[in-house]
Every structure is written in C-alpha cells, then in structure tokens.
>>> print(open('target_34.txt').read())   # compact mmCIF, C-alpha atoms and all ligand atoms
# COMPACT_ATOMS: atom_id res chain seq x y z
CA MET Q 124 208.50 -11.64 67.24
CA PRO Q 125 205.50 -9.32 66.74
CA ALA Q 126 205.48 -6.54 69.29
CA ASN Q 127 201.64 -6.17 69.59
CA LEU Q 128 201.81 -2.49 70.30
CA THR Q 129 198.76 -1.01 72.00
CA ARG Q 130 196.77 2.03 70.97
CA PRO Q 131 197.86 4.11 74.01
CA PHE Q 132 201.47 3.34 73.11
CA LEU Q 133 200.95 4.34 69.47
CA ARG Q 134 199.24 7.56 70.57
CA ALA Q 135 202.19 8.38 72.82
CA ARG Q 136 204.58 7.67 69.96
CA GLU Q 137 202.62 10.02 67.71
CA ARG Q 138 202.83 12.68 70.40
CA PHE Q 139 206.60 12.16 70.61
CA GLU Q 140 206.96 12.45 66.85
CA ALA Q 141 204.99 15.67 66.72
CA ALA Q 142 206.79 17.26 69.68
CA THR Q 143 209.40 19.93 69.03
CA ASP Q 144 209.94 20.97 72.64
CA PRO Q 145 212.33 18.63 74.51
CA HIS Q 146 210.15 18.68 77.66
CA GLU Q 147 207.20 17.51 75.60
CA GLN Q 148 209.39 14.86 73.98
CA LEU Q 149 210.53 13.58 77.34
CA ASP Q 150 206.98 13.45 78.61
CA ALA Q 151 205.83 11.49 75.56
CA LEU Q 152 208.78 9.11 75.85
CA GLN Q 153 207.92 8.42 79.50
CA GLU Q 154 204.38 7.63 78.49
CA MET Q 155 205.66 5.34 75.74
CA LEU Q 156 207.76 3.46 78.28
CA ARG Q 157 204.76 3.13 80.62
CA GLU Q 158 202.47 1.90 77.86
CA ILE Q 159 204.76 -0.44 75.99
CA PRO Q 160 203.84 -4.13 76.45
CA LYS Q 161 206.68 -5.58 78.51
CA HIS Q 162 207.79 -8.80 76.80
CA LYS Q 163 210.75 -10.15 74.92
CA GLY Q 164 209.49 -8.86 71.56
CA THR Q 165 209.67 -5.25 72.69
CA GLU Q 166 213.06 -5.37 74.41
CA HIS Q 167 214.79 -3.57 71.57
CA LEU Q 168 212.12 -0.93 71.43
CA GLN Q 169 212.28 -0.41 75.20
CA ALA Q 170 216.04 0.03 74.99
CA ASP Q 171 215.57 2.49 72.12
CA ILE Q 172 213.08 4.56 74.14
CA LYS Q 173 215.47 4.65 77.11
CA ARG Q 174 218.32 5.71 74.85
CA ARG Q 175 216.22 8.57 73.44
CA MET Q 176 215.20 9.64 76.92
CA LYS Q 177 218.87 9.81 77.85
CA GLN Q 178 219.63 11.91 74.75
CA VAL Q 179 216.80 14.34 75.44
CA ARG Q 180 217.82 14.65 79.11
CA GLU Q 181 221.40 15.33 78.09
CA SER Q 182 220.31 17.97 75.61
CA LEU Q 183 218.21 19.60 78.35
CA GLN Q 184 221.14 19.61 80.76
CA SER Q 185 223.66 20.95 78.27
CA ASP Q 186 221.27 23.65 77.16
CA LYS Q 187 222.38 26.95 78.55
CA HIS Q 188 219.44 28.97 77.32
CA LYS Q 189 216.78 28.26 79.87
CA SER Q 190 213.52 30.15 79.80
CA LYS Q 191 210.48 30.12 82.05
CA SER Q 192 208.53 27.96 79.67
CA GLY Q 193 211.24 25.36 79.40
CA VAL Q 194 214.41 24.82 77.55
CA SER Q 195 215.12 25.60 73.95
CA PHE Q 196 217.32 23.68 71.60
CA HIS Q 197 220.60 25.50 71.77
CA VAL Q 198 223.06 25.96 68.94
CA ASP Q 199 226.54 26.94 69.99
CA LYS Q 200 227.55 30.08 68.17
CA GLY Q 201 231.22 29.26 67.83
CA ARG Q 202 233.44 31.96 66.39
CA HIS Q 203 232.03 32.04 62.89
CA PRO Q 204 229.15 34.31 61.89
CA GLN Q 205 225.85 32.46 62.23
CA VAL Q 206 222.97 32.52 59.73
CA ALA Q 207 219.55 31.06 60.63
CA VAL Q 208 217.71 29.40 57.74
CA VAL Q 209 213.94 29.82 58.11
CA GLY Q 210 210.90 29.27 55.92
CA GLY Q 211 207.63 27.43 55.49
CA PRO Q 212 207.37 23.63 55.28
CA ASN Q 213 209.07 21.90 52.34
CA THR Q 214 210.37 25.14 50.78
CA GLY Q 215 213.91 23.78 50.33
CA LYS Q 216 215.70 25.03 53.48
CA SER Q 217 217.61 21.81 54.00
CA ALA Q 218 218.42 21.55 50.27
CA VAL Q 219 219.85 25.10 50.33
CA VAL Q 220 221.96 24.36 53.43
CA SER Q 221 223.19 21.07 51.95
CA ALA Q 222 224.12 22.75 48.63
CA LEU Q 223 226.08 25.52 50.40
CA THR Q 224 227.86 23.37 52.97
CA GLY Q 225 228.24 19.96 51.33
CA VAL Q 226 226.74 18.48 54.51
CA ASP Q 227 223.68 16.26 54.16
CA VAL Q 228 221.34 17.85 56.70
CA GLY Q 229 218.37 15.72 55.62
CA VAL Q 230 216.54 16.79 52.46
CA ALA Q 231 213.17 15.06 52.07
CA PRO Q 232 210.29 15.26 49.59
CA TYR Q 233 207.71 15.81 52.35
CA PRO Q 234 207.00 18.68 54.80
CA TYR Q 235 208.09 18.78 58.45
CA ALA Q 236 211.12 16.63 57.72
CA THR Q 237 213.53 18.76 59.76
CA ARG Q 238 212.76 18.43 63.47
CA GLU Q 239 215.66 20.16 65.17
CA PRO Q 240 218.33 22.72 64.33
CA HIS Q 241 221.20 21.43 62.22
CA PRO Q 242 224.29 23.63 62.13
CA ALA Q 243 226.66 23.17 59.18
CA ILE Q 244 229.68 25.16 58.08
CA MET Q 245 229.60 27.04 54.76
CA PRO Q 246 233.02 27.92 53.38
CA PHE Q 247 233.43 31.34 51.78
CA GLU Q 248 236.91 31.79 50.23
CA ASN Q 249 239.22 31.44 53.23
CA ALA Q 250 236.50 32.09 55.83
CA ARG Q 251 233.64 30.09 57.29
CA VAL Q 252 230.03 30.84 58.15
CA GLN Q 253 227.77 28.66 60.29
CA LEU Q 254 224.37 28.04 58.71
CA VAL Q 255 221.62 26.66 60.94
CA ASP Q 256 218.98 24.62 59.12
CA LEU Q 257 215.74 24.92 61.09
CA PRO Q 258 212.39 23.11 61.20
CA PRO Q 259 209.61 24.82 59.26
CA VAL Q 260 207.50 27.69 60.58
CA ALA Q 261 203.80 27.73 59.75
CA THR Q 262 200.67 29.34 61.22
CA GLU Q 263 199.97 26.24 63.30
CA HIS Q 264 203.53 25.19 63.92
CA MET Q 265 206.66 26.73 65.39
CA GLY Q 266 209.05 25.31 67.98
CA SER Q 267 208.97 27.59 71.02
CA TRP Q 268 212.78 27.73 70.97
CA LEU Q 269 213.03 28.69 67.30
CA PRO Q 270 212.59 32.49 67.51
CA GLY Q 271 215.43 32.56 70.06
CA ILE Q 272 217.81 31.04 67.53
CA VAL Q 273 216.79 33.53 64.84
CA ARG Q 274 217.10 36.40 67.31
CA ALA Q 275 220.65 35.41 68.26
CA ALA Q 276 221.82 34.85 64.68
CA ASP Q 277 223.85 37.43 62.78
CA ALA Q 278 221.55 37.14 59.76
CA ALA Q 279 218.78 34.98 58.33
CA LEU Q 280 217.81 33.37 55.06
CA LEU Q 281 214.08 33.25 54.38
CA VAL Q 282 213.60 30.33 51.99
CA VAL Q 283 210.54 30.36 49.71
CA ASP Q 284 209.42 27.93 47.00
CA LEU Q 285 208.54 29.94 43.89
CA THR Q 286 206.37 27.12 42.53
CA ALA Q 287 204.28 26.57 45.67
CA ASP Q 288 200.56 27.43 45.45
CA ASP Q 289 200.71 28.97 48.90
CA LEU Q 290 203.89 30.99 48.27
CA LEU Q 291 202.57 34.27 49.65
CA GLU Q 292 200.60 32.81 52.58
CA ALA Q 293 203.49 30.58 53.61
CA THR Q 294 205.90 33.51 53.56
CA GLU Q 295 203.56 35.80 55.51
CA ALA Q 296 203.02 33.03 58.07
CA VAL Q 297 206.77 32.90 58.78
CA LEU Q 298 207.06 36.68 59.09
CA THR Q 299 203.98 36.87 61.33
CA ARG Q 300 204.86 34.00 63.67
CA LEU Q 301 208.33 35.41 64.26
CA ALA Q 302 207.01 38.96 64.66
CA GLU Q 303 204.64 37.68 67.40
CA GLN Q 304 207.81 36.86 69.32
CA LYS Q 305 209.26 40.30 68.48
CA VAL Q 306 211.71 38.86 65.99
CA PHE Q 307 211.56 40.81 62.75
CA LEU Q 308 213.16 39.60 59.55
CA GLY Q 309 214.54 42.78 58.01
CA ALA Q 310 213.34 45.98 59.65
CA ALA Q 311 210.51 46.14 62.20
CA PRO Q 312 207.57 48.34 61.17
CA GLU Q 313 207.98 51.93 62.34
CA GLU Q 314 205.22 51.72 64.97
CA ARG Q 315 206.84 48.74 66.74
CA ARG Q 316 210.44 49.91 66.72
CA GLN Q 317 210.30 51.46 70.20
CA GLU Q 318 209.02 48.28 71.86
CA VAL Q 319 211.27 46.61 74.39
CA GLY Q 320 212.87 43.36 73.30
CA ILE Q 321 212.59 43.88 69.54
CA ALA Q 322 215.15 42.07 67.36
CA GLU Q 323 215.73 43.01 63.72
CA VAL Q 324 217.63 40.37 61.77
CA ARG Q 325 219.13 41.23 58.41
CA THR Q 326 217.59 38.84 55.93
CA LEU Q 327 217.96 37.64 52.37
CA ILE Q 328 215.16 35.82 50.54
CA VAL Q 329 216.29 32.62 48.86
CA ALA Q 330 213.80 31.59 46.18
CA THR Q 331 214.10 27.89 45.31
CA HIS Q 332 212.75 26.05 42.23
CA ARG Q 333 213.73 29.09 40.16
CA ASP Q 334 213.44 27.13 36.90
CA GLY Q 335 210.07 25.59 37.75
CA ALA Q 336 206.83 26.30 35.87
CA ALA Q 337 205.61 29.88 36.47
CA ALA Q 338 208.60 30.60 38.76
CA ALA Q 339 209.51 33.74 36.79
CA ASP Q 340 205.99 35.19 37.21
CA ALA Q 341 206.00 34.33 40.89
CA ALA Q 342 209.39 35.99 41.34
CA GLU Q 343 208.04 39.17 39.75
CA ILE Q 344 205.00 39.29 42.05
CA PHE Q 345 207.20 38.47 44.98
CA ASN Q 346 209.62 41.24 44.14
CA GLU Q 347 206.81 43.75 43.89
CA LEU Q 348 205.58 42.81 47.34
CA TYR Q 349 208.85 42.35 49.17
CA GLY Q 350 211.47 43.90 46.90
CA ASP Q 351 211.92 47.06 48.96
CA ARG Q 352 212.37 45.07 52.18
CA PHE Q 353 214.55 42.17 51.06
CA ALA Q 354 217.02 41.27 48.35
CA LEU Q 355 216.08 38.05 46.57
CA VAL Q 356 218.40 35.39 45.14
CA GLY Q 357 216.91 32.63 42.97
CA VAL Q 358 218.42 29.14 43.04
CA ASP Q 359 217.70 25.60 42.04
CA ALA Q 360 218.84 23.93 45.23
CA SER Q 361 218.52 20.42 43.79
CA ARG Q 362 220.72 21.04 40.78
CA GLY Q 363 222.96 23.56 42.51
CA ASP Q 364 222.23 26.41 40.04
CA GLY Q 365 222.78 29.86 41.52
CA VAL Q 366 224.38 28.48 44.66
CA GLU Q 367 227.73 30.25 44.16
CA ASP Q 368 225.97 33.61 43.71
CA LEU Q 369 224.01 32.87 46.86
CA ARG Q 370 227.22 32.13 48.78
CA GLY Q 371 228.58 35.59 47.85
CA ALA Q 372 225.25 37.26 48.65
CA ILE Q 373 225.24 35.70 52.14
CA TRP Q 374 228.76 36.98 52.77
CA ARG Q 375 227.78 40.50 51.68
CA LEU Q 376 224.61 40.34 53.79
CA LEU Q 377 226.73 39.70 56.89
CA ASP Q 378 228.76 42.87 56.25
CA VAL Q 379 231.89 41.50 57.89
CA ILE Q 380 235.64 41.67 57.33
CA ARG Q 381 238.41 39.10 57.76
CA ALA Q 382 241.39 39.94 59.96
CA VAL Q 383 244.32 37.64 59.22
CA PRO Q 384 246.19 36.93 62.45
CA LYS Q 385 249.99 36.88 62.39
CA PRO Q 386 251.64 35.44 65.50
CA PRO Q 387 254.91 37.31 66.31
CA GLY Q 388 257.84 35.84 64.39
CA ARG Q 389 255.61 33.52 62.38
CA PRO Q 390 253.86 33.84 59.01
CA ALA Q 391 250.30 35.11 58.77
CA ASP Q 392 247.63 32.45 59.03
CA ASP Q 393 245.48 33.23 56.01
CA ALA Q 394 243.74 29.90 56.22
CA ASP Q 395 242.04 30.89 59.45
CA PRO Q 396 241.00 34.55 59.42
CA ILE Q 397 239.01 36.08 62.27
CA VAL Q 398 235.67 37.32 61.00
CA LEU Q 399 234.54 40.61 62.53
CA ARG Q 400 231.76 43.13 61.92
CA ARG Q 401 232.75 45.83 59.44
CA GLY Q 402 234.12 48.79 61.40
CA SER Q 403 235.87 46.57 63.98
CA THR Q 404 239.16 47.73 65.44
CA VAL Q 405 242.40 46.12 66.60
CA LEU Q 406 240.89 46.08 70.11
CA ASP Q 407 237.79 44.21 68.87
CA MET Q 408 240.04 41.62 67.26
CA ALA Q 409 242.09 41.26 70.46
CA ARG Q 410 238.86 40.60 72.41
CA VAL Q 411 238.13 37.66 70.12
CA VAL Q 412 241.65 36.27 70.35
CA HIS Q 413 241.99 36.49 74.14
CA ARG Q 414 240.28 38.55 76.81
CA GLU Q 415 243.46 39.13 78.77
CA LEU Q 416 245.25 40.29 75.66
CA ALA Q 417 242.46 42.81 75.04
CA GLU Q 418 243.11 44.33 78.46
CA ARG Q 419 246.79 44.89 77.69
CA ILE Q 420 246.76 45.66 73.97
CA GLU Q 421 248.03 49.08 72.90
CA LYS Q 422 249.10 48.71 69.31
CA ALA Q 423 249.43 46.31 66.42
CA ARG Q 424 251.47 45.90 63.28
CA VAL Q 425 249.40 45.64 60.15
CA TRP Q 426 250.08 44.60 56.60
CA HIS Q 427 247.53 45.13 53.89
CA SER Q 428 248.38 41.87 52.22
CA ALA Q 429 250.13 38.73 53.34
CA ASP Q 430 253.19 39.32 51.16
CA HIS Q 431 253.81 42.95 52.19
CA ALA Q 432 257.39 43.29 53.48
CA ASP Q 433 257.11 45.77 56.36
CA GLY Q 434 254.42 46.12 58.95
CA GLN Q 435 253.10 49.50 59.97
CA TRP Q 436 252.37 50.24 63.67
CA VAL Q 437 248.85 51.33 64.45
CA GLY Q 438 246.95 52.07 67.68
CA ARG Q 439 244.26 49.83 69.18
CA ASP Q 440 241.50 51.99 67.67
CA HIS Q 441 242.71 51.34 64.12
CA VAL Q 442 239.73 50.20 61.99
CA LEU Q 443 240.61 46.99 60.18
CA ALA Q 444 240.14 46.45 56.45
CA ASP Q 445 239.11 43.13 54.89
CA LEU Q 446 242.05 40.70 54.73
CA GLU Q 447 244.38 43.01 56.66
CA VAL Q 448 247.21 41.05 58.29
CA VAL Q 449 247.48 41.89 61.98
CA GLU Q 450 250.19 41.16 64.56
CA LEU Q 451 248.80 42.10 67.93
CA GLY Q 452 251.34 43.74 70.23
CA THR Q 453 251.47 45.21 73.72
N1 LIG D 1 213.52 21.04 41.65
C1 LIG D 1 213.85 21.56 42.83
N2 LIG D 1 213.58 20.83 43.94
C2 LIG D 1 213.91 21.36 45.14
C3 LIG D 1 214.54 22.63 45.24
N3 LIG D 1 214.72 22.89 46.55
C4 LIG D 1 214.26 21.81 47.24
N4 LIG D 1 213.78 20.90 46.38
C5 LIG D 1 213.13 19.62 46.75
O1 LIG D 1 212.03 19.93 47.58
C6 LIG D 1 211.89 18.95 48.61
C7 LIG D 1 211.94 19.60 49.98
O2 LIG D 1 213.24 20.07 50.21
P1 LIG D 1 213.83 20.24 51.69
O3 LIG D 1 215.12 20.92 51.56
O4 LIG D 1 213.78 18.98 52.45
O5 LIG D 1 212.73 21.25 52.28
P2 LIG D 1 212.70 21.90 53.74
O6 LIG D 1 212.29 23.31 53.60
O7 LIG D 1 213.97 21.64 54.46
O8 LIG D 1 211.51 21.06 54.38
P3 LIG D 1 211.12 20.88 55.96
O9 LIG D 1 212.38 20.60 56.71
O10 LIG D 1 210.19 19.74 55.97
O11 LIG D 1 210.48 22.16 56.34
C8 LIG D 1 213.00 17.93 48.38
O12 LIG D 1 212.47 16.88 47.62
C9 LIG D 1 214.03 18.71 47.58
O13 LIG D 1 214.84 17.89 46.76
C10 LIG D 1 214.79 23.37 44.03
O14 LIG D 1 215.33 24.48 44.03
N5 LIG D 1 214.43 22.78 42.86
MG MG D 2 214.31 20.67 56.20
>>> encode(input="target_34.txt", output="structure tokens")
Amino acid sequence: MPANLTRPFLRARERFEAATDPHEQLDALQEMLREIPKHKGTEHLQADIKRRMKQVRESLQSDKHKSKSGVSFHVDKGRHPQVAVVGGPNTGKSAVVSALTGVDVGVAPYPYATREPHPAIMPFENARVQLVDLPPVATEHMGSWLPGIVRAADAALLVVDLTADDLLEATEAVLTRLAEQKVFLGAAPEERRQEVGIAEVRTLIVATHRDGAAAADAAEIFNELYGDRFALVGVDASRGDGVEDLRGAIWRLLDVIRAVPKPPGRPADDADPIVLRRGSTVLDMARVVHRELAERIEKARVWHSADHADGQWVGRDHVLADLEVVELGT
C-alpha cells in the first residue's frame, strides 16, 4: 500500500539522515513520528522509527562520556591499543580498516557513507589492536563527538586519497577542524603547546589509491609538505597491496611491547599477550591484570622466551622487554 509520505515527514527524515549527534537524531525521529501519516500503509515505517528511537536512547544512556553540549558516541577502549582512523570524505578509511581487520565496516563508492564509529580488531602477530573507523571530517562537517574519540586514542591514521583533486585541501581541512578542538595529529605547533587541554596524537598518513594515475607525483608533493611531520605508507586498499607493511607500521607507531602472562604452575599464554607502552614495568602489567594484585605485587619471575627453562626473579620496577614471559608473584 503506498505510504503517501508528506513533505514535512520527508524533511524530518532528511534531517535525521544528516544528523551525526544522537540528540539531533532523536529530535528528528520524534518529528518523523509526529509527521508520519497514521494509516495501515505506514505501520511498518512507524515501528521502524520507534525501534530507531529506542536504539538512539539506549546509546545515549549507555554513553559514559557526557559533555555540556550533549552526548558523544562512545567507543569502549577495551584492553587493546586503540587507533582512530580519520580523513576526508571518501578517502578510503573504511576500505583500509576492512583490509586490516577482515571486518566489513561498510565501504561505499560515495562520500559520507560512514555515519558512526565502527571499532574492529586488527591482528598483529599474536597481539590485537582496535581500529576505529570514523565518519569523514570536512570543513563543513564533523561530528561533535569525533575529536573526543581521536583525543582518547593511542594513535591515529590520517587517510588520504592520492588521486583526489582536493588532496591537499581535504587533508588540511581534517588537520584544521581537529586543531580547533585542540586535538593535534602529530605535534602541536610550538606556539600552542602551552595551552590547556591540548592533545597530541601520534599519527601515520595512509595514502590510498597508490597505483592510480598521478599518484606517484602526488605522493612526492605530499611528502615535501608533510614528510617532516608524518611518516607515509602507500596502499591500494581495494586490492590489498601494501596492507601488510601498513600493519607493521601501525604496530611500530604505537611503540608498545607485549608481556606474555604466565599463571603460576601453568604454561605461558602466548596467544593472549598484554600490550603495554614501551618502558612499562612489572607493576604496570600488574595494574592491567588486577588492581588488587598491583597493590600487593613485589616481584615477578621472567623468562625472555616461552621455552626458557628457568625464570629469573626481578623486582616490580623491572622494565619489560617485548615478548617477555612474566609470572607475577607477591
Ligand atoms: N582503487 C582503489 N579504490 C579504493 C582505495 N581505497 C578506497 N577505494 C574505493 O574508494 C571508495 C571509498 O572508500 P571508503 O573506504 O568507503 O571511503 P571512506 O573514507 O570510508 O568514505 P566515508 O566513510 O564516506 O568518508 C570505495 O569505492 C572504495 O572501494 C584504493 O586504495 N584503491
Ligand atoms: Mg567510511
């Protein structure tokens, strides 16, 4: 049965589709429900609107990061390092995340396809990293919650399309919009470093379409402009070329180590290492495993590889090496 949707309803639906803030979404959904012609032909649509309202309300309630202006989309950090994936519209962010994680986060041949953060786990050897695919950032467009996610992340990927006509403008727009919120990809400029609330997020540039026409020339110009601020890795995210190099580069960017936990009397669990910042100690590891344990911990036995016969006792300030096997003791 034709639904005969009215103009006010269609306008409200457009507003909902353009909204990135959940409060705005809820408001537009309420308007849609008010404006929808109430007859049998729209029953399904009415139910769908109510279902979406419920989802948005739930996401607002579960969101722990409330701000004065409203509530941001929240991504749980979990215990893996987290990398925010930012860039201009249609640059290949979702394609990069999909290629690295094997999760289909929604690649589309048109801009503004990604509307909300999509976390997905990227394996690296025996460890895991959480990538967060984000909606695009442009001069006229940025979710108010988005800088908060980048600020909280351990690192960021700035995705650029080497074949785009607006390569430089699109990249500058991302850097500028984030900087307006005091979130700096790479280092903040010297004159702003003393400001309160500044976040500097270590960042790698991921250049997609690396085999496209004129991509090599664009990469050269790009490197001249940004080469001293960021390392650049070229990929073809559709074909998967360069993706393994990128995986290693992301791991190195994070500058982390893996501590392999060994429960007393049991073998080491190399399949599930604890990822810690480089320079972390036995005490730092204990804090991740269990807060109470951290209060009591005095020493640990360490092995430098899983098959080493005897453990060596070390104090809680012992700095851990990558892949060191650790049995926490008290
Ligand atoms: N040939 C080629 N195509 C690519 C590459 N990266 C992305 N694409 C294509 O470019 C289009 C956009 O890719 P997405 O990953 O959806 O772009 P996005 O940055 O997530 O876009 P928004 O979420 O809308 O901001 C899709 O059609 C992809 O298949 C690449 O390296 N090479
Ligand atoms: Mg996307």
>>> residues_around(input="target_34.txt", residues="Q:Arg400", least_positions_apart="6", cutoff="9 Å", atoms="all atoms listed in the file", output="MDAnalysis selection string")
chainID Q and resid 377:381
>>> residues_around(input="target_34.txt", residues="Q:Val209", least_positions_apart="2", cutoff="8 Å", atoms="all atoms listed in the file", output="JSON, numbers by chain")
{"Q": [207, 211, 216, 256, 257, 258, 259, 260, 279, 280, 281, 282, 297]}
>>> atom_distance(input="target_34.txt", atom1="atom CA of Q:Val206", atom2="atom CA of Q:Ala276")
5.6 Å
>>> closest_residue(input="target_34.txt", among="Q:Thr237, Q:Thr299, Q:Ser403, Q:Thr262", to="ligand MG 2 (chain D)", atoms="only C-alpha atoms and all ligand atoms")
Q:Thr237
>>> atom_distance(input="target_34.txt", atom1="atom P2 of ligand LIG 1 (chain D)", atom2="atom CA of Q:Thr294")
13.5 Å
